[in-house]
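Down below is the structure, laid out as structure tokens.
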Amino acid sequence: MSEVKRHIGLLLLSVLALAITGCKDYEADNLSREPVSVQFAFSLSSTRDGSHTRQSDGVVSNTAVEILKIVPMRGGAIDDSEVSNLVEVVDKTGPAKFYRYGYCNMQPGVDGCLVYAKATDEGGLEATLPEEVTSTDDISFAPTTIYNYTTAPADGEAWDIAEALTAVANTGGWSTTTNTTLKNLYNNFINHGYDLPGSAASVMAWIKALKEEAGKMSGLSGTDETLRGTLAKIAIPTTLPNYPQSVGLPDGAAALRWTTWTDGQGKHTGFMPQLQTTTIDNINTVSRFAYPPAKYYFVNSSIKSSDTPVDLASLYNTNNTWEGVLQNFPIEGVTDASRAIALKDPVQYAVAQLNMTVKASASPLKDDNSADVTLGTEVFPLRGIIVGGQRAADYKFEPVSNSDANVKFVYDHQGMDGRYLTTTATAATSTLVLQSYDGEDVLIILEFENKSGQAFKCVDGIVYPDTRFYLIGRVSPDDFVVSIAPDVLPEGAKDRVFTKDYITTVNMTVTSLAKAYNVLPNLLTKNLEIGVETTPQWVAATPTPVHLN
């Protein structure tokens with residue numbers, strides 16, 4: 001019996017030993033080996049082989065760039081290797097910058113890396129880049145809203161303007177007059193079929209137009225003549241806040257509506273600021289407007305390595321191209337023998353760029369009443385550009401969906417000086433945007449100011465002197481003509497209007513003023529007044545013709 005027990009015991013020990021040995025072999029195959037200490041090299045560049053143009057050449061070398069995050073990857077997943085100790089940044093031609101990091105602890109098997117950077121003098125993008133990144137889902141980017149309200153603040157500038165216009169409407173006896181001419185004038189003043197423009201400039205112009213209309217009336221007598229005279233002498237307010245420009249919005253985002261409402265102070269009738277122009281699911285609110293994105297940079301690159309020490313300082317001094325540096329890194333990925341590593345691909349722009357020129361097809365142009373509007377040389381200055389299709393982006397700076405739930409419209413009013421609507425094309429105007437969704441049309445809206453001294457009829461009313469108006473264009477990826485080498489065009493670029501790290505160039509030709517807007521309509525609806533012909537191209541030197549009428 002004892003001999004049987006002894007054999008059973010030996011058998012159990014043998015099985016246990018095999019189990020332990022097998023476990024150790026399994027763990028050895030799956031646990032990371034000891035990290036290696038390596039130098040880490042990569043480049044940041046705004047050019048690619050000279051075959052096409054991106055953003056202006058001086059933008060990298062002349063702008064401070066902050067490296068925000070370096071995320072090692074293994075097999076497409078986040079790895080916990082450590083990158084630290086920036087040693088040197090070398091400005092090179094191209095333009096480009098070469099970066100050298102001191103001894104970093106990298107796990108063997110690491111085969112890629114994400115790098116995020118931005119120009120330190122830029123703003124306008126909400127970046128989610130947590131200190132501890134465990135998944136690519138932790139990283140995201142979204143346009144920054146300019147004015148995040150759905151109703152106007154009670155003590156805000158929009159109400160100051162609304163109350164000034166309400167005071168005019170409440171001129172004694174006007175609302176109750178029985179005189180047909182004066183009553184029609186009143187009804188047109190409080191409601192002309194559309195939301196009234198709610199900017200300071202538009203309200204002052206609206207009051208001025210009322211005064212002029214009352215001043216031209218004749219044939220009245222008694223109390224009617226007294227009322228007419230009072231209206232003709234109403235003072236035009238000169239101290240209104242410069243809303244909505246004061247909060248960074250286009251004038252066309254401000255609207256007023258004559259209505260009745262109740263609040264804590266009771267029931268009111270008058271002009272109310274409108275921050276949303278529809279109550280349907282796709283609500284068009286002022287919170288749709290966003291700043292142009294910051295100048296971000298990004299790469300998702302594979303890693304090259306060397307199992308012998310590399311003198312990066314010397315390589316940076318003797319090489320102006322990253323390809324020259326990479327020749328010293330012949331091995332794919334990080335191994336337990338690695339002594340230095342480098343990113344194969346340069347860090348490039350994570351945002352796209354719109355380059356645009358504008359001209360008129362002729363002068364004069366026709367308005368919505370077929371009346372002539374003479375352009376002159378400096379009568380319609382370009383004041384801003386609005387670009388649609390801006391959505392939250394993932395860790396690759398690509399839109400996460402084509403939903404309109406949180407879509408934004410970039411509003412850029414910088415760098416427009418000296419650009420007027422004439423029969424000669426303006427100098428190019430540029431703005432930054434995020435990559436657009438595949439297969440989706442993108443709206444481009446032009447904001448002009450009427451300095452002609454002449455009012456003209458538009459889609460939703462009258463464009464008075466010194467007020468702003470809007471012409472809407474639509475660019476479709478279906479209209480693009482690809483005229484650069486297929487191997488240079490990035491994957492999927494021909495299917496979208498904007499692609500990160502690339503320029504979309506557009507020439508816009510205004511052929512009519514009949515479809516201009518006072519108040520920006522619901523830009524999410526399909527029923528916009530648009531007259532556009534476009535043949536987009538992926539060549540910055542050959543702009544895309546876009547006609548607005």
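Going through the structure tokens in order, the chains are called A, B, and so on, while each chain numbers its residues from 1 and the ligands are numbered from 1 in the order shown.
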Could you give me, as a ChimeraX atom specification, the residues within 6 Å of stretch 430-438 of chain A, counting only C-alpha atoms and dropping anything in the same chain fewer than 5 positions from it?
/A:292-293,351-355,389,495-496,498-500
Put those residues in a file: all heavy atoms, as a JSON list (two decimals), in the first residue's frame.
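Saved the output as part-v3.json:
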[["chain", "number", "residue", "atom", "x", "y", "z"],
["A", 292, "PRO", "N", -12.16, 78.87, -35.98],
["A", 292, "PRO", "CA", -11.31, 78.00, -36.79],
["A", 292, "PRO", "C", -10.44, 77.15, -35.87],
["A", 292, "PRO", "O", -10.02, 77.60, -34.81],
["A", 292, "PRO", "CB", -10.45, 78.98, -37.60],
["A", 292, "PRO", "CG", -11.23, 80.25, -37.61],
["A", 292, "PRO", "CD", -11.96, 80.29, -36.30],
["A", 293, "PRO", "N", -10.18, 75.90, -36.24],
["A", 293, "PRO", "CA", -9.39, 75.04, -35.35],
["A", 293, "PRO", "C", -7.98, 75.55, -35.18],
["A", 293, "PRO", "O", -7.42, 76.21, -36.06],
["A", 293, "PRO", "CB", -9.41, 73.68, -36.06],
["A", 293, "PRO", "CG", -9.69, 74.00, -37.48],
["A", 293, "PRO", "CD", -10.58, 75.20, -37.47],
["A", 351, "VAL", "N", -4.94, 69.49, -39.41],
["A", 351, "VAL", "CA", -6.10, 70.24, -39.90],
["A", 351, "VAL", "C", -5.96, 70.45, -41.40],
["A", 351, "VAL", "O", -4.89, 70.32, -41.97],
["A", 351, "VAL", "CB", -6.24, 71.59, -39.17],
["A", 351, "VAL", "CG1", -6.61, 71.37, -37.71],
["A", 351, "VAL", "CG2", -4.95, 72.41, -39.29],
["A", 352, "ALA", "N", -7.08, 70.80, -42.03],
["A", 352, "ALA", "CA", -7.10, 71.11, -43.45],
["A", 352, "ALA", "C", -7.14, 72.62, -43.63],
["A", 352, "ALA", "O", -7.31, 73.37, -42.65],
["A", 352, "ALA", "CB", -8.31, 70.46, -44.12],
["A", 353, "GLN", "N", -7.02, 73.06, -44.87],
["A", 353, "GLN", "CA", -7.04, 74.50, -45.13],
["A", 353, "GLN", "C", -7.89, 74.78, -46.36],
["A", 353, "GLN", "O", -7.83, 74.05, -47.35],
["A", 353, "GLN", "CB", -5.62, 75.03, -45.36],
["A", 353, "GLN", "CG", -5.58, 76.53, -45.64],
["A", 353, "GLN", "CD", -4.16, 77.05, -45.74],
["A", 353, "GLN", "OE1", -3.28, 76.58, -45.05],
["A", 353, "GLN", "NE2", -3.94, 78.02, -46.60],
["A", 354, "LEU", "N", -8.68, 75.84, -46.27],
["A", 354, "LEU", "CA", -9.40, 76.37, -47.41],
["A", 354, "LEU", "C", -8.68, 77.62, -47.90],
["A", 354, "LEU", "O", -8.43, 78.55, -47.13],
["A", 354, "LEU", "CB", -10.84, 76.74, -47.02],
["A", 354, "LEU", "CG", -11.61, 77.61, -48.02],
["A", 354, "LEU", "CD1", -11.87, 76.85, -49.32],
["A", 354, "LEU", "CD2", -12.93, 78.10, -47.42],
["A", 355, "ASN", "N", -8.30, 77.63, -49.17],
["A", 355, "ASN", "CA", -7.78, 78.82, -49.84],
["A", 355, "ASN", "C", -8.84, 79.27, -50.84],
["A", 355, "ASN", "O", -9.30, 78.47, -51.65],
["A", 355, "ASN", "CB", -6.47, 78.54, -50.57],
["A", 355, "ASN", "CG", -5.27, 78.77, -49.70],
["A", 355, "ASN", "OD1", -5.41, 78.96, -48.49],
["A", 355, "ASN", "ND2", -4.09, 78.72, -50.27],
["A", 389, "GLY", "N", -19.85, 71.65, -42.00],
["A", 389, "GLY", "CA", -19.38, 70.28, -41.94],
["A", 389, "GLY", "C", -18.31, 70.01, -40.90],
["A", 389, "GLY", "O", -17.54, 69.05, -41.03],
["A", 495, "ASP", "N", -12.87, 61.64, -52.08],
["A", 495, "ASP", "CA", -14.25, 61.46, -51.66],
["A", 495, "ASP", "C", -14.70, 62.49, -50.64],
["A", 495, "ASP", "O", -15.81, 62.39, -50.11],
["A", 495, "ASP", "CB", -14.43, 60.05, -51.05],
["A", 495, "ASP", "CG", -14.13, 58.96, -52.06],
["A", 495, "ASP", "OD1", -14.50, 59.12, -53.24],
["A", 495, "ASP", "OD2", -13.53, 57.94, -51.66],
["A", 496, "ARG", "N", -13.86, 63.46, -50.34],
["A", 496, "ARG", "CA", -14.24, 64.48, -49.36],
["A", 496, "ARG", "C", -13.78, 65.86, -49.80],
["A", 496, "ARG", "O", -12.87, 65.99, -50.62],
["A", 496, "ARG", "CB", -13.68, 64.12, -47.98],
["A", 496, "ARG", "CG", -12.18, 64.18, -47.87],
["A", 496, "ARG", "CD", -11.70, 63.80, -46.47],
["A", 496, "ARG", "NE", -11.78, 62.37, -46.26],
["A", 496, "ARG", "CZ", -10.74, 61.54, -46.42],
["A", 496, "ARG", "NH1", -9.55, 62.01, -46.79],
["A", 496, "ARG", "NH2", -10.87, 60.26, -46.20],
["A", 498, "PHE", "N", -12.62, 68.41, -47.62],
["A", 498, "PHE", "CA", -11.42, 68.79, -46.88],
["A", 498, "PHE", "C", -10.72, 67.55, -46.33],
["A", 498, "PHE", "O", -11.37, 66.66, -45.79],
["A", 498, "PHE", "CB", -11.77, 69.73, -45.71],
["A", 498, "PHE", "CG", -12.39, 71.03, -46.14],
["A", 498, "PHE", "CD1", -13.67, 71.36, -45.76],
["A", 498, "PHE", "CD2", -11.69, 71.93, -46.93],
["A", 498, "PHE", "CE1", -14.26, 72.55, -46.14],
["A", 498, "PHE", "CE2", -12.26, 73.12, -47.31],
["A", 498, "PHE", "CZ", -13.54, 73.44, -46.94],
["A", 499, "THR", "N", -9.41, 67.53, -46.46],
["A", 499, "THR", "CA", -8.60, 66.44, -45.94],
["A", 499, "THR", "C", -7.47, 67.01, -45.11],
["A", 499, "THR", "O", -6.81, 67.97, -45.54],
["A", 499, "THR", "CB", -8.02, 65.58, -47.09],
["A", 499, "THR", "OG1", -9.11, 64.93, -47.77],
["A", 499, "THR", "CG2", -7.07, 64.53, -46.57],
["A", 500, "LYS", "N", -7.26, 66.45, -43.93],
["A", 500, "LYS", "CA", -6.20, 66.94, -43.04],
["A", 500, "LYS", "C", -4.86, 66.98, -43.78],
["A", 500, "LYS", "O", -4.54, 66.08, -44.56],
["A", 500, "LYS", "CB", -6.10, 66.06, -41.79],
["A", 500, "LYS", "CG", -5.76, 64.61, -42.07],
["A", 500, "LYS", "CD", -5.82, 63.76, -40.81],
["A", 500, "LYS", "CE", -5.54, 62.30, -41.14],
["A", 500, "LYS", "NZ", -5.68, 61.42, -39.98]]
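Neighbours of A:Pro72 closer than or equal to 9 Å, with only C-alpha atoms counted and sequence neighbours fewer than 3 positions away skipped, come out as A:Ala77, A:Ile78, A:Asp79, A:Asp80, A:Ser81, A:Glu82, A:Val83, A:Met106, A:Val110, A:Asp111, A:Gly112, A:Cys113, A:Leu114, A:Val115.
Distances from A:Val65, A:Val310, A:Ala254, A:Val442 to A:Asp121 were compared using only C-alpha atoms, and the smallest one belongs to A:Val65.
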Give the strand (DSSP E or B) residues of stretch 46-263 of chain A, as DSSP finds them on the backbone, and put them as an mmCIF file with N, CA and C atoms, in the first residue's frame.
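Wrote out-v5.cif, looks like this:
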data_model
loop_
_atom_site.group_PDB
_atom_site.id
_atom_site.type_symbol
_atom_site.label_atom_id
_atom_site.label_comp_id
_atom_site.auth_asym_id
_atom_site.auth_seq_id
_atom_site.Cartn_x
_atom_site.Cartn_y
_atom_site.Cartn_z
ATOM 1 N N VAL A 65 6.070 75.610 -31.671
ATOM 2 C CA VAL A 65 5.264 74.393 -31.665
ATOM 3 C C VAL A 65 5.471 73.670 -30.344
ATOM 4 N N GLU A 66 4.371 73.280 -29.732
ATOM 5 C CA GLU A 66 4.419 72.552 -28.468
ATOM 6 C C GLU A 66 4.051 71.092 -28.704
ATOM 7 N N ILE A 67 4.934 70.177 -28.312
ATOM 8 C CA ILE A 67 4.610 68.753 -28.377
ATOM 9 C C ILE A 67 3.698 68.432 -27.196
ATOM 10 N N LEU A 68 2.481 68.005 -27.493
ATOM 11 C CA LEU A 68 1.485 67.787 -26.444
ATOM 12 C C LEU A 68 1.506 66.364 -25.891
ATOM 13 N N LYS A 69 1.689 65.393 -26.773
ATOM 14 C CA LYS A 69 1.561 64.000 -26.332
ATOM 15 C C LYS A 69 2.292 63.080 -27.303
ATOM 16 N N ILE A 70 3.037 62.119 -26.726
ATOM 17 C CA ILE A 70 3.667 61.060 -27.504
ATOM 18 C C ILE A 70 3.187 59.738 -26.931
ATOM 19 N N VAL A 71 2.537 58.934 -27.768
ATOM 20 C CA VAL A 71 1.878 57.710 -27.303
ATOM 21 C C VAL A 71 2.442 56.501 -28.051
ATOM 22 N N PRO A 72 3.303 55.698 -27.424
ATOM 23 C CA PRO A 72 3.807 54.480 -28.076
ATOM 24 C C PRO A 72 2.677 53.471 -28.315
ATOM 25 N N MET A 73 2.826 52.700 -29.396
ATOM 26 C CA MET A 73 1.807 51.727 -29.782
ATOM 27 C C MET A 73 2.461 50.374 -30.048
ATOM 28 N N ARG A 74 1.683 49.320 -29.771
ATOM 29 C CA ARG A 74 2.136 47.974 -30.078
ATOM 30 C C ARG A 74 0.957 47.206 -30.666
ATOM 31 N N ALA A 77 -2.429 48.877 -30.358
ATOM 32 C CA ALA A 77 -2.935 49.182 -29.011
ATOM 33 C C ALA A 77 -1.942 50.078 -28.274
ATOM 34 N N ILE A 78 -2.449 50.785 -27.274
ATOM 35 C CA ILE A 78 -1.607 51.677 -26.482
ATOM 36 C C ILE A 78 -0.619 50.849 -25.666
ATOM 37 N N GLU A 82 7.675 54.649 -21.992
ATOM 38 C CA GLU A 82 7.807 56.041 -21.564
ATOM 39 C C GLU A 82 8.705 56.826 -22.514
ATOM 40 N N LEU A 86 12.993 65.830 -23.641
ATOM 41 C CA LEU A 86 13.318 66.494 -24.899
ATOM 42 C C LEU A 86 14.689 67.139 -24.780
ATOM 43 N N VAL A 87 15.579 66.789 -25.702
ATOM 44 C CA VAL A 87 16.955 67.271 -25.644
ATOM 45 C C VAL A 87 17.191 68.416 -26.612
ATOM 46 N N GLU A 88 16.625 68.325 -27.826
ATOM 47 C CA GLU A 88 17.011 69.281 -28.859
ATOM 48 C C GLU A 88 15.924 69.377 -29.916
ATOM 49 N N VAL A 89 15.695 70.602 -30.438
ATOM 50 C CA VAL A 89 14.856 70.831 -31.607
ATOM 51 C C VAL A 89 15.699 71.606 -32.606
ATOM 52 N N VAL A 90 15.836 71.066 -33.806
ATOM 53 C CA VAL A 90 16.682 71.677 -34.825
ATOM 54 C C VAL A 90 15.808 72.135 -35.991
ATOM 55 N N ASP A 91 15.849 73.427 -36.312
ATOM 56 C CA ASP A 91 15.120 73.948 -37.468
ATOM 57 C C ASP A 91 15.859 73.577 -38.749
ATOM 58 N N LYS A 92 15.113 73.005 -39.691
ATOM 59 C CA LYS A 92 15.705 72.611 -40.962
ATOM 60 C C LYS A 92 14.940 73.285 -42.101
ATOM 61 N N ALA A 96 10.952 72.329 -41.780
ATOM 62 C CA ALA A 96 10.833 71.168 -40.907
ATOM 63 C C ALA A 96 11.567 71.433 -39.604
ATOM 64 N N LYS A 97 11.229 70.631 -38.614
ATOM 65 C CA LYS A 97 11.953 70.615 -37.351
ATOM 66 C C LYS A 97 12.310 69.173 -37.039
ATOM 67 N N PHE A 98 13.552 68.951 -36.585
ATOM 68 C CA PHE A 98 13.978 67.628 -36.154
ATOM 69 C C PHE A 98 14.023 67.621 -34.630
ATOM 70 N N TYR A 99 13.385 66.611 -34.014
ATOM 71 C CA TYR A 99 13.301 66.513 -32.562
ATOM 72 C C TYR A 99 14.183 65.364 -32.073
ATOM 73 N N ARG A 100 14.859 65.586 -30.952
ATOM 74 C CA ARG A 100 15.678 64.541 -30.338
ATOM 75 C C ARG A 100 15.326 64.428 -28.862
ATOM 76 N N TYR A 101 14.877 63.243 -28.468
ATOM 77 C CA TYR A 101 14.552 62.972 -27.071
ATOM 78 C C TYR A 101 15.650 62.089 -26.478
ATOM 79 N N GLY A 102 15.960 62.363 -25.208
ATOM 80 C CA GLY A 102 16.969 61.573 -24.499
ATOM 81 C C GLY A 102 16.442 60.211 -24.152
ATOM 82 N N TYR A 103 17.134 59.528 -23.332
ATOM 83 C CA TYR A 103 16.951 58.100 -23.140
ATOM 84 C C TYR A 103 15.554 57.759 -22.631
ATOM 85 N N CYS A 104 14.797 57.104 -23.494
ATOM 86 C CA CYS A 104 13.406 56.745 -23.242
ATOM 87 C C CYS A 104 13.307 55.240 -23.005
ATOM 88 N N ASN A 105 12.417 54.852 -22.130
ATOM 89 C CA ASN A 105 12.218 53.433 -21.818
ATOM 90 C C ASN A 105 11.142 52.861 -22.734
ATOM 91 N N MET A 106 11.564 52.066 -23.705
ATOM 92 C CA MET A 106 10.649 51.508 -24.699
ATOM 93 C C MET A 106 10.636 49.987 -24.596
ATOM 94 N N GLY A 112 4.935 51.340 -33.265
ATOM 95 C CA GLY A 112 4.372 52.578 -33.784
ATOM 96 C C GLY A 112 4.245 53.629 -32.710
ATOM 97 N N CYS A 113 3.833 54.807 -33.120
ATOM 98 C CA CYS A 113 3.734 55.900 -32.163
ATOM 99 C C CYS A 113 2.773 56.955 -32.679
ATOM 100 N N LEU A 114 1.979 57.514 -31.774
ATOM 101 C CA LEU A 114 1.155 58.682 -32.057
ATOM 102 C C LEU A 114 1.862 59.903 -31.490
ATOM 103 N N VAL A 115 1.891 60.993 -32.248
ATOM 104 C CA VAL A 115 2.450 62.250 -31.754
ATOM 105 C C VAL A 115 1.439 63.353 -32.013
ATOM 106 N N TYR A 116 1.185 64.168 -30.987
ATOM 107 C CA TYR A 116 0.279 65.312 -31.090
ATOM 108 C C TYR A 116 1.045 66.577 -30.727
ATOM 109 N N ALA A 117 0.839 67.627 -31.518
ATOM 110 C CA ALA A 117 1.493 68.907 -31.251
ATOM 111 C C ALA A 117 0.570 70.028 -31.715
ATOM 112 N N LYS A 118 0.871 71.242 -31.305
ATOM 113 C CA LYS A 118 0.098 72.392 -31.771
ATOM 114 C C LYS A 118 0.973 73.631 -31.748
ATOM 115 N N ALA A 119 0.590 74.599 -32.570
ATOM 116 C CA ALA A 119 1.244 75.899 -32.543
ATOM 117 C C ALA A 119 0.824 76.595 -31.262
ATOM 118 N N LEU A 125 -9.742 74.771 -30.498
ATOM 119 C CA LEU A 125 -10.077 73.358 -30.636
ATOM 120 C C LEU A 125 -10.076 72.741 -29.250
ATOM 121 N N GLU A 126 -11.147 72.028 -28.934
ATOM 122 C CA GLU A 126 -11.238 71.370 -27.634
ATOM 123 C C GLU A 126 -10.591 69.993 -27.739
ATOM 124 N N ALA A 127 -9.411 69.863 -27.137
ATOM 125 C CA ALA A 127 -8.653 68.622 -27.230
ATOM 126 C C ALA A 127 -8.806 67.805 -25.958
ATOM 127 N N THR A 128 -9.128 66.528 -26.109
ATOM 128 C CA THR A 128 -9.144 65.585 -24.993
ATOM 129 C C THR A 128 -7.911 64.703 -25.128
ATOM 130 N N SER A 140 -9.756 62.658 -28.302
ATOM 131 C CA SER A 140 -10.727 63.216 -29.246
ATOM 132 C C SER A 140 -10.510 64.721 -29.368
ATOM 133 N N PHE A 141 -11.128 65.290 -30.390
ATOM 134 C CA PHE A 141 -11.010 66.720 -30.662
ATOM 135 C C PHE A 141 -12.356 67.233 -31.160
ATOM 136 N N ALA A 142 -12.684 68.474 -30.829
ATOM 137 C CA ALA A 142 -13.969 69.029 -31.239
ATOM 138 C C ALA A 142 -13.835 70.529 -31.458
ATOM 139 N N PRO A 143 -14.592 71.082 -32.427
ATOM 140 C CA PRO A 143 -14.571 72.538 -32.630
ATOM 141 C C PRO A 143 -14.999 73.275 -31.370
ATOM 142 N N THR A 145 -16.952 76.126 -29.582
ATOM 143 C CA THR A 145 -18.093 77.010 -29.808
ATOM 144 C C THR A 145 -17.744 78.448 -29.439
ATOM 145 N N LEU A 196 -36.311 89.579 -38.256
ATOM 146 C CA LEU A 196 -35.574 90.800 -38.569
ATOM 147 C C LEU A 196 -34.105 90.638 -38.198
ATOM 148 N N PRO A 197 -33.192 91.227 -38.965
ATOM 149 C CA PRO A 197 -31.790 91.212 -38.561
ATOM 150 C C PRO A 197 -31.646 91.850 -37.185
ATOM 151 N N ALA A 255 -30.914 87.698 -34.721
ATOM 152 C CA ALA A 255 -32.247 87.874 -35.280
ATOM 153 C C ALA A 255 -33.210 88.346 -34.193
ATOM 154 N N LEU A 256 -34.239 89.068 -34.616
ATOM 155 C CA LEU A 256 -35.289 89.560 -33.710
ATOM 156 C C LEU A 256 -36.646 89.147 -34.248
ATOM 157 N N ARG A 257 -37.557 88.839 -33.318
ATOM 158 C CA ARG A 257 -38.914 88.463 -33.706
ATOM 159 C C ARG A 257 -39.910 89.148 -32.784
ATOM 160 N N TRP A 258 -40.942 89.742 -33.386
ATOM 161 C CA TRP A 258 -42.013 90.367 -32.604
ATOM 162 C C TRP A 258 -42.908 89.265 -32.058
ATOM 163 N N THR A 259 -43.054 89.212 -30.730
ATOM 164 C CA THR A 259 -43.794 88.113 -30.124
ATOM 165 C C THR A 259 -44.278 88.531 -28.743
ATOM 166 N N THR A 260 -45.004 87.632 -28.094
ATOM 167 C CA THR A 260 -45.488 87.843 -26.725
ATOM 168 C C THR A 260 -44.949 86.725 -25.846
ATOM 169 N N TRP A 261 -44.446 87.086 -24.684
ATOM 170 C CA TRP A 261 -43.889 86.087 -23.773
ATOM 171 C C TRP A 261 -44.147 86.501 -22.325
ATOM 172 N N THR A 262 -43.978 85.555 -21.434
ATOM 173 C CA THR A 262 -44.174 85.799 -20.010
ATOM 174 C C THR A 262 -42.918 85.389 -19.262
ATOM 175 N N ASP A 263 -42.460 86.243 -18.344
ATOM 176 C CA ASP A 263 -41.319 85.907 -17.501
ATOM 177 C C ASP A 263 -41.641 86.298 -16.062
#
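Here atom CA of A:Val459 stands at a distance of 26.9 Å from atom CA of A:Asp479.
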When you look at stretch 326-335 of chain A with a cut-off of 6 Å (counting only C-alpha atoms), what residues show up, excluding the ones that are within fewer than 3 positions of it in the same chain? I need them as a count of residues only.
10
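Nearest to A:Lys494 of all the residues A:Met204, A:Pro95, A:Glu440, A:Pro273 is A:Glu440, counting only C-alpha atoms.
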Neighbouring residues of A:Tyr411 were defined as those with any atom within 8 Å, considering only C-alpha atoms; residues of the same chain fewer than 6 positions away were excluded. Please report them as a list in words.
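Once the nearby chain positions are removed, what remains is Leu249, Pro250, Phe289, Ala290, Tyr291, Pro292, Gly384, Ile385, Ile386 and Val387 of chain A.
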Those same residues - N, CA and C atoms - I'd like them written as an mmCIF file, in the first residue's frame.
data_model
loop_
_atom_site.group_PDB
_atom_site.id
_atom_site.type_symbol
_atom_site.label_atom_id
_atom_site.label_comp_id
_atom_site.auth_asym_id
_atom_site.auth_seq_id
_atom_site.Cartn_x
_atom_site.Cartn_y
_atom_site.Cartn_z
ATOM 1 N N LEU A 249 -19.527 86.639 -33.176
ATOM 2 C CA LEU A 249 -20.443 86.019 -34.126
ATOM 3 C C LEU A 249 -20.621 86.880 -35.367
ATOM 4 N N PRO A 250 -20.994 86.271 -36.488
ATOM 5 C CA PRO A 250 -21.361 87.065 -37.666
ATOM 6 C C PRO A 250 -22.660 87.822 -37.409
ATOM 7 N N PHE A 289 -21.865 78.055 -34.300
ATOM 8 C CA PHE A 289 -20.698 78.739 -34.837
ATOM 9 C C PHE A 289 -19.477 78.474 -33.973
ATOM 10 N N ALA A 290 -18.368 78.162 -34.627
ATOM 11 C CA ALA A 290 -17.149 77.775 -33.921
ATOM 12 C C ALA A 290 -15.953 78.550 -34.470
ATOM 13 N N TYR A 291 -14.915 78.631 -33.647
ATOM 14 C CA TYR A 291 -13.666 79.233 -34.085
ATOM 15 C C TYR A 291 -12.974 78.313 -35.089
ATOM 16 N N PRO A 292 -12.160 78.870 -35.980
ATOM 17 C CA PRO A 292 -11.308 77.996 -36.794
ATOM 18 C C PRO A 292 -10.445 77.145 -35.870
ATOM 19 N N GLY A 384 -16.034 88.119 -43.785
ATOM 20 C CA GLY A 384 -15.865 86.837 -43.109
ATOM 21 C C GLY A 384 -16.183 85.665 -44.016
ATOM 22 N N ILE A 385 -15.783 84.482 -43.555
ATOM 23 C CA ILE A 385 -16.074 83.218 -44.232
ATOM 24 C C ILE A 385 -16.670 82.269 -43.203
ATOM 25 N N ILE A 386 -17.705 81.553 -43.598
ATOM 26 C CA ILE A 386 -18.320 80.534 -42.752
ATOM 27 C C ILE A 386 -18.230 79.205 -43.493
ATOM 28 N N VAL A 387 -17.701 78.183 -42.825
ATOM 29 C CA VAL A 387 -17.492 76.873 -43.458
ATOM 30 C C VAL A 387 -18.196 75.809 -42.632
#
For A:Asn518, the nearest of the candidates A:Gly193, A:Gly266, A:Gly252, A:Pro364, counting only C-alpha atoms:
A:Gly252
Please compute the atom CA of A:Leu343-atom CA of A:Pro399 distance, one decimal, in Å.
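We find that atom CA of A:Leu343 and atom CA of A:Pro399 lie 24.9 Å from each other.
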Quick one, how far is atom CA of A:Asn188 from atom CA of A:Ser370?
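Computing it gives 22.0 Å between the two atoms.
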Rank nothing, just name the residue among A:Arg468, A:His413, A:Arg391, A:Lys396 nearest to A:Lys451, using only C-alpha atoms.
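Comparing A:Arg468, A:His413, A:Arg391, A:Lys396 against A:Lys451, the winner is A:Arg468.
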Please list as JSON, numbers by chain every residue within 9 Å of A:Asp368, counting only C-alpha atoms and excluding residues in the same chain fewer than 4 positions away.
{"A": [456, 457, 458, 459, 512, 513, 514, 515, 516]}
I'd like to know which of A:Ala169, A:Glu122, A:Ala41, A:Pro477 is closest to A:Tyr296, using only C-alpha atoms.
A:Glu122
Excluding same-chain residues fewer than 2 positions from A:Val286, what lies within 8 Å of it counting only C-alpha atoms, as a ChimeraX atom specification?
/A:147-150,249,253,275-276,284,288-289
Return the single residue from A:Thr321, A:Ile462, A:Leu165, A:Leu523 that is closest to A:Asp404, with distances computed using only C-alpha atoms.
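The closest residue to A:Asp404 is A:Leu523.
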Backbone-only DSSP, alpha helix (DSSP H) members of stretch 214-250 of chain A, as a VMD selection string:
chain A and resid 214 to 216 222 to 232
So which residues touch A:Arg339 within 7 Å, counting only C-alpha atoms, skipping near sequence neighbours fewer than 2 positions away, as a list in words?
Ser37, Val38, Gln39, Ser306, Asp307, Thr308, Pro309 and Ala337 of chain A
Selection from above, C-alpha atoms, as a short mmCIF file (atom, residue, chain, number, x, y, z; two decimals), in the first residue's frame, can you write it?
data_model
loop_
_atom_site.label_atom_id
_atom_site.label_comp_id
_atom_site.auth_asym_id
_atom_site.auth_seq_id
_atom_site.Cartn_x
_atom_site.Cartn_y
_atom_site.Cartn_z
CA SER A 37 16.78 52.76 -23.06
CA VAL A 38 16.89 54.51 -26.43
CA GLN A 39 17.20 57.89 -28.05
CA SER A 306 19.04 50.79 -34.80
CA ASP A 307 20.82 48.21 -32.63
CA THR A 308 23.96 50.38 -32.55
CA PRO A 309 24.30 53.84 -31.01
CA ALA A 337 18.88 45.25 -28.83
#
